[in-house]
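Undergrad: First, the structure itself, so that you have it in front of you.
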Amino acid sequence: MYLGLDLGTSELKALLLADDHRIVGVARAPLTVERPQPLWSEQAPQQWWQALEEVMRALGKSHPEELAAVRAIGLSGQMHGATLIDEAGEVLRPAILWNDGRSGAQCEALARAVPRLGEIAGNLAMPGFTAPKLLWVREHEPEVFGRVARVLLPKDWLRFMLSGEAVSEMSDAAGTLWLDVGARDWSDELLAATGLTRAHMPKLVEGSEVSAQLKPELAARWGLRDGVKIAGGAGDNAASAVGMGLVEPGQGFVSLGTSGVVFVSTDRFLPNPAQAMHAFCHALPKRWHQMSVMLSAASAVSWAAKTFRFADEAALLEAAASVPPAQRERCPLFLPYLSGERSPHNNPNAQGVLFGFTHAHGPAEIAYAVVEGVSFGLRDGFDTLRLPEDMPMREMALVGGGARSVWWGQLLADIFGVTLTLYAGSETGGALGAARLAWLADGGDVAEVCTLPPVKQKLMPSAEGAGVHKARHARFQALYKSLRDQFQ
């Protein structure tokens, strides 16, 4: 039996996995985000620990025998968060999260200080990453910065509490802007640019390796055996890929979550920072991945459903689907940049736009424009991926809450021009991947552990309407370019 712990932004999820791939039990505990000032996004790490205690108590009540059989624990979690601890291991301030936008000026300073930043880290400096957050702390909270003994990512703080060991792994560390992503090691040059050294960083392991052992007193309290191993684990998207079995070069997914992600596994480091594409280490040795991220995907649909008085997101999607293909070219256009944008624009000032209204347009046309605009934004991200000829695209799964709409999935397949596969159980996400990494750390074989789930449906791109999609996508891109200098 293996335990996966996935520390998200809105909940902590625990999943028990048997070695025949059965998901035996799941427990969840909610989390809240604090926004004390504009652009700020923080969580108190103690809230993470309370949530962990809650899910372990729940599993102890519902599955005591299975919990007692756990041999290893895997960790997955929200990336980029800065959790600062002192020499005594005490938390110095609330963790600054991935969606915190306060460090724009520090990103510019870091890019000036290290011109080779994209070459080393595989990514541009963006406020979401960890390094500019520490520059902000050094500038605005110097007393706190002076007491920092370790900087830990959120899931790695949980590991520290579970084991007493400060350890991270390659996929999550790649999202800090301190890792030499090609070499899979900390970069002294990038650390020095933020006033830090290797002494401030956790030890690094691969995600499928043993990183530590569970403290005996916690094992006794939760009903686990002694000597439970803790795997390195993974950042949330790499863990989701492991959970879906998408670990071979050319395998990837499109995620329709709050944010939108296009992810593809690679067997080498292939950065493209000029277009704000992310190049990270994967959770398995000698593997990397490329990833584009748009900040408002399903959340843009939620915003539109509320703003335009649809009953819910499903009602908006139903209205969008009611627009006949022949009438789509007359719909308004929607730029989905409600929270700025990462890939491909790296523009935190970008804003949402509904363009091209006439008296002929009603709620259905607005609904279609919103869903299409999110789909075009994802297509722009997809186009930033750079796979060499000897690494063809083999598999693109469709995951996330938005994937429940087959109509939207088909629209995406048509706009991308690629087949998208719906798999059973894609909603288990990072927790399943974390449990699988625990299994690998316990001696499991990648081919045995990282299997693909059963196929529910394949969405093949249709040639019908392809010309309309192409023409409207070109107008969508031109609209952003024409308005870019107007965003403030």
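Letters A, B, ... mark the chains of the structure tokens in the order given; residue numbers begin at 1 per chain; ligand numbers begin at 1, in order shown.
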Which residues of stretch 371-443 of chain A have any atom within 10 Å of an atom in stretch 314-329 of chain A when counting only C-alpha atoms, and what is the closest pair of atoms for each, with the distance in Å to one decimal? Order the rows by chain and rising number and write it as a Markdown table.
TA:
```
| residue | atom | partner | partner_atom | distance |
| --- | --- | --- | --- | --- |
| A:Val371 | CA | A:Ala320 | CA | 7.4 |
| A:Glu372 | CA | A:Ala320 | CA | 9.0 |
| A:Gly402 | CA | A:Ala314 | CA | 9.4 |
| A:Arg404 | CA | A:Ala314 | CA | 9.4 |
| A:Ser405 | CA | A:Leu317 | CA | 7.7 |
| A:Trp407 | CA | A:Ala321 | CA | 6.8 |
| A:Trp408 | CA | A:Leu317 | CA | 7.6 |
| A:Leu411 | CA | A:Ala321 | CA | 9.5 |
```
Undergrad: Enumerate as a count of residues only all residues of stretch 20-130 of chain A assigned to alpha helix (DSSP H) by DSSP on the backbone, naming them with the chain letters and numbers the document uses.
TA: 39
Undergrad: Which residues are near A:Pro273? Cut-off 10 Å, only C-alpha atoms, ignore same chain within fewer than 4 positions. Put them as a list of chain:residue names.
TA: A:Leu117, A:Gly118, A:Glu119, A:Ala121, A:Gly122, A:Asn123, A:Leu124, A:Ala125, A:Met277, A:His278, A:Ala279, A:Ser343, A:Pro344, A:Asn346, A:Thr384
Undergrad: Mind writing the picked residues with C-alpha atoms as a short mmCIF file (atom, residue, chain, number, x, y, z; two decimals), in the first residue's frame?
TA:
```
data_model
loop_
_atom_site.label_atom_id
_atom_site.label_comp_id
_atom_site.auth_asym_id
_atom_site.auth_seq_id
_atom_site.Cartn_x
_atom_site.Cartn_y
_atom_site.Cartn_z
CA LEU A 117 18.95 33.31 -16.58
CA GLY A 118 16.79 31.66 -19.27
CA GLU A 119 19.68 29.53 -20.48
CA ALA A 121 16.94 28.01 -15.42
CA GLY A 122 14.99 27.31 -18.61
CA ASN A 123 12.51 30.03 -17.74
CA LEU A 124 12.04 33.78 -17.69
CA ALA A 125 11.86 35.63 -14.39
CA MET A 277 7.47 28.50 -22.15
CA HIS A 278 8.55 26.65 -19.01
CA ALA A 279 11.24 23.96 -19.26
CA SER A 343 2.69 31.84 -21.93
CA PRO A 344 3.33 33.12 -24.51
CA ASN A 346 4.70 37.03 -20.03
CA THR A 384 5.39 27.54 -27.80
#
```
Undergrad: Check the DSSP output for the backbone and give back, as a ChimeraX atom specification, the residues of stretch 16-112 of chain A in strand (DSSP E).
TA: /A:16-17,23-30,42-43,72-77,83-85,95-96
Undergrad: Compile the contact shell of A:Ala199 as a list in words: residues with an atom at most 12 Å away, counting only C-alpha atoms, same-chain residues fewer than 3 positions apart removed.
TA: Glu87, Val148, Ala149, Arg150, Val151, Ala166, Trp186, Asp188, Leu191, Ala192, Gly195, Leu196, Pro202 and Lys203 of chain A
Undergrad: Just give me the gap between atom CA of A:Thr358 and atom CA of A:Ala305 in Å, one decimal is fine.
TA: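 Taking atom CA of A:Thr358 as the start and atom CA of A:Ala305 as the end point, the length is 20.2 Å.
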Undergrad: Check the smallest atom-to-atom distance from each of A:Leu179, A:Val370, A:Val468, A:Leu204 to A:Glu165 using only C-alpha atoms, then report the winner.
TA: A:Leu204
Undergrad: Looking at only C-alpha atoms, which of A:Leu333, A:Val455, A:Ala82, A:Ala219 is the one that sits closest to A:Ala424?
TA: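 Nearest to A:Ala424: A:Val455.
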Undergrad: Would you tabulate, counting only C-alpha atoms, all residues of stretch 135-247 of chain A that have an atom at most 12 Å from an atom of stretch 3-14 of chain A, showing the closest pair of atoms and their distance in Å to one decimal, sorted by chain then ascending number, as JSON lines?
TA:
```
{"residue": "A:Leu153", "atom": "CA", "partner": "A:Leu7", "partner_atom": "CA", "distance": 10.7}
{"residue": "A:Pro154", "atom": "CA", "partner": "A:Leu7", "partner_atom": "CA", "distance": 7.5}
{"residue": "A:Lys155", "atom": "CA", "partner": "A:Leu7", "partner_atom": "CA", "distance": 6.3}
{"residue": "A:Asp156", "atom": "CA", "partner": "A:Leu7", "partner_atom": "CA", "distance": 10.1}
{"residue": "A:Trp157", "atom": "CA", "partner": "A:Leu7", "partner_atom": "CA", "distance": 10.6}
{"residue": "A:Leu158", "atom": "CA", "partner": "A:Leu7", "partner_atom": "CA", "distance": 8.8}
{"residue": "A:Arg159", "atom": "CA", "partner": "A:Leu5", "partner_atom": "CA", "distance": 10.3}
{"residue": "A:Leu162", "atom": "CA", "partner": "A:Leu5", "partner_atom": "CA", "distance": 11.6}
{"residue": "A:Leu224", "atom": "CA", "partner": "A:Leu3", "partner_atom": "CA", "distance": 10.7}
{"residue": "A:Val228", "atom": "CA", "partner": "A:Leu3", "partner_atom": "CA", "distance": 10.2}
{"residue": "A:Lys229", "atom": "CA", "partner": "A:Leu3", "partner_atom": "CA", "distance": 10.3}
{"residue": "A:Ile230", "atom": "CA", "partner": "A:Leu3", "partner_atom": "CA", "distance": 9.5}
{"residue": "A:Ala231", "atom": "CA", "partner": "A:Gly4", "partner_atom": "CA", "distance": 9.7}
{"residue": "A:Gly232", "atom": "CA", "partner": "A:Gly4", "partner_atom": "CA", "distance": 11.5}
{"residue": "A:Gly233", "atom": "CA", "partner": "A:Gly4", "partner_atom": "CA", "distance": 8.9}
{"residue": "A:Ala234", "atom": "CA", "partner": "A:Asp6", "partner_atom": "CA", "distance": 9.4}
{"residue": "A:Gly235", "atom": "CA", "partner": "A:Asp6", "partner_atom": "CA", "distance": 9.2}
{"residue": "A:Asp236", "atom": "CA", "partner": "A:Asp6", "partner_atom": "CA", "distance": 7.6}
{"residue": "A:Asn237", "atom": "CA", "partner": "A:Asp6", "partner_atom": "CA", "distance": 11.0}
{"residue": "A:Ala238", "atom": "CA", "partner": "A:Asp6", "partner_atom": "CA", "distance": 11.9}
{"residue": "A:Ala239", "atom": "CA", "partner": "A:Asp6", "partner_atom": "CA", "distance": 8.9}
{"residue": "A:Ser240", "atom": "CA", "partner": "A:Asp6", "partner_atom": "CA", "distance": 10.0}
{"residue": "A:Val242", "atom": "CA", "partner": "A:Gly4", "partner_atom": "CA", "distance": 12.0}
{"residue": "A:Gly243", "atom": "CA", "partner": "A:Gly4", "partner_atom": "CA", "distance": 10.3}
```
Undergrad: Go through A:Gly245, A:Gly223, A:Pro132, A:Gly400 and flag the residue nearest A:Ala111, using only C-alpha atoms for the distances.
TA: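 Selected residue with least distance to A:Ala111: A:Pro132.
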Undergrad: From the options A:Thr83, A:Thr176, A:Gln351, A:Asn99, which residue's atoms come nearest to A:Ser41, counting only C-alpha atoms?
TA: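 Selected residue with least distance to A:Ser41: A:Asn99.
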Undergrad: Could you give me, as a list in words, the residues within 9 Å of A:Ala397, counting only C-alpha atoms and dropping anything in the same chain fewer than 5 positions from it?
TA: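 Selected residues are Met244, Leu246, Gln251, Gly252, Phe253, Val254, Ser255, Thr419, Leu420, Thr421, Leu422 and Tyr423 of chain A.
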Undergrad: Restricting the output to C-alpha atoms, write the selected residues as a PDB file, in the first residue's frame.
TA:
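Wrote it out as part20.pdb, contents follow:
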```
ATOM      1  CA  MET A 244      -1.716   9.561 -15.831  1.00  0.00           C
ATOM      2  CA  LEU A 246       2.466  10.296 -19.306  1.00  0.00           C
ATOM      3  CA  GLN A 251       3.468  12.165 -24.154  1.00  0.00           C
ATOM      4  CA  GLY A 252       1.565  15.066 -22.623  1.00  0.00           C
ATOM      5  CA  PHE A 253      -1.714  16.609 -21.595  1.00  0.00           C
ATOM      6  CA  VAL A 254      -3.904  19.684 -21.829  1.00  0.00           C
ATOM      7  CA  SER A 255      -5.329  20.663 -18.442  1.00  0.00           C
ATOM      8  CA  THR A 419      -6.322  14.108 -31.183  1.00  0.00           C
ATOM      9  CA  LEU A 420      -7.118  14.541 -27.481  1.00  0.00           C
ATOM     10  CA  THR A 421      -7.702  11.449 -25.332  1.00  0.00           C
ATOM     11  CA  LEU A 422     -10.054  11.330 -22.354  1.00  0.00           C
ATOM     12  CA  TYR A 423      -8.864   8.784 -19.761  1.00  0.00           C
TER      13      TYR A 423
END
```
Undergrad: What separation in Å, quoted to one decimal, exists between atom CA of A:Ala431 and atom CA of A:Ser211?
TA: 17.6 Å
Undergrad: For atom CA of A:Glu395 and atom CA of A:Lys470, determine how far apart the two atoms are, in Å to one decimal place.
TA: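 These atoms are spaced 22.8 Å apart.
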Undergrad: Using only C-alpha atoms, which of A:Leu335, A:Met294, A:Ala369, A:Leu432 sits nearest A:Phe382?
TA: A:Met294
Undergrad: Between A:Leu31, A:Val247, A:Ala403, A:Ala474, which is the closest to A:Ala447 once you count only C-alpha atoms?
TA: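 Ranked by minimum distance to A:Ala447, first place goes to A:Val247.
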Undergrad: Find the spatial neighbours of A:Val446, counting only C-alpha atoms, within a cut-off of 10 Å - ignore same-chain residues fewer than 3 positions away - and output them as a list in words.
TA: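 Listed by chain and then number, they are Ser208, Val242, Gly245, Val247, Leu284, Arg436, Leu437, Trp439, Leu440, Gly443, Val449, Cys450 and Thr451 of chain A.
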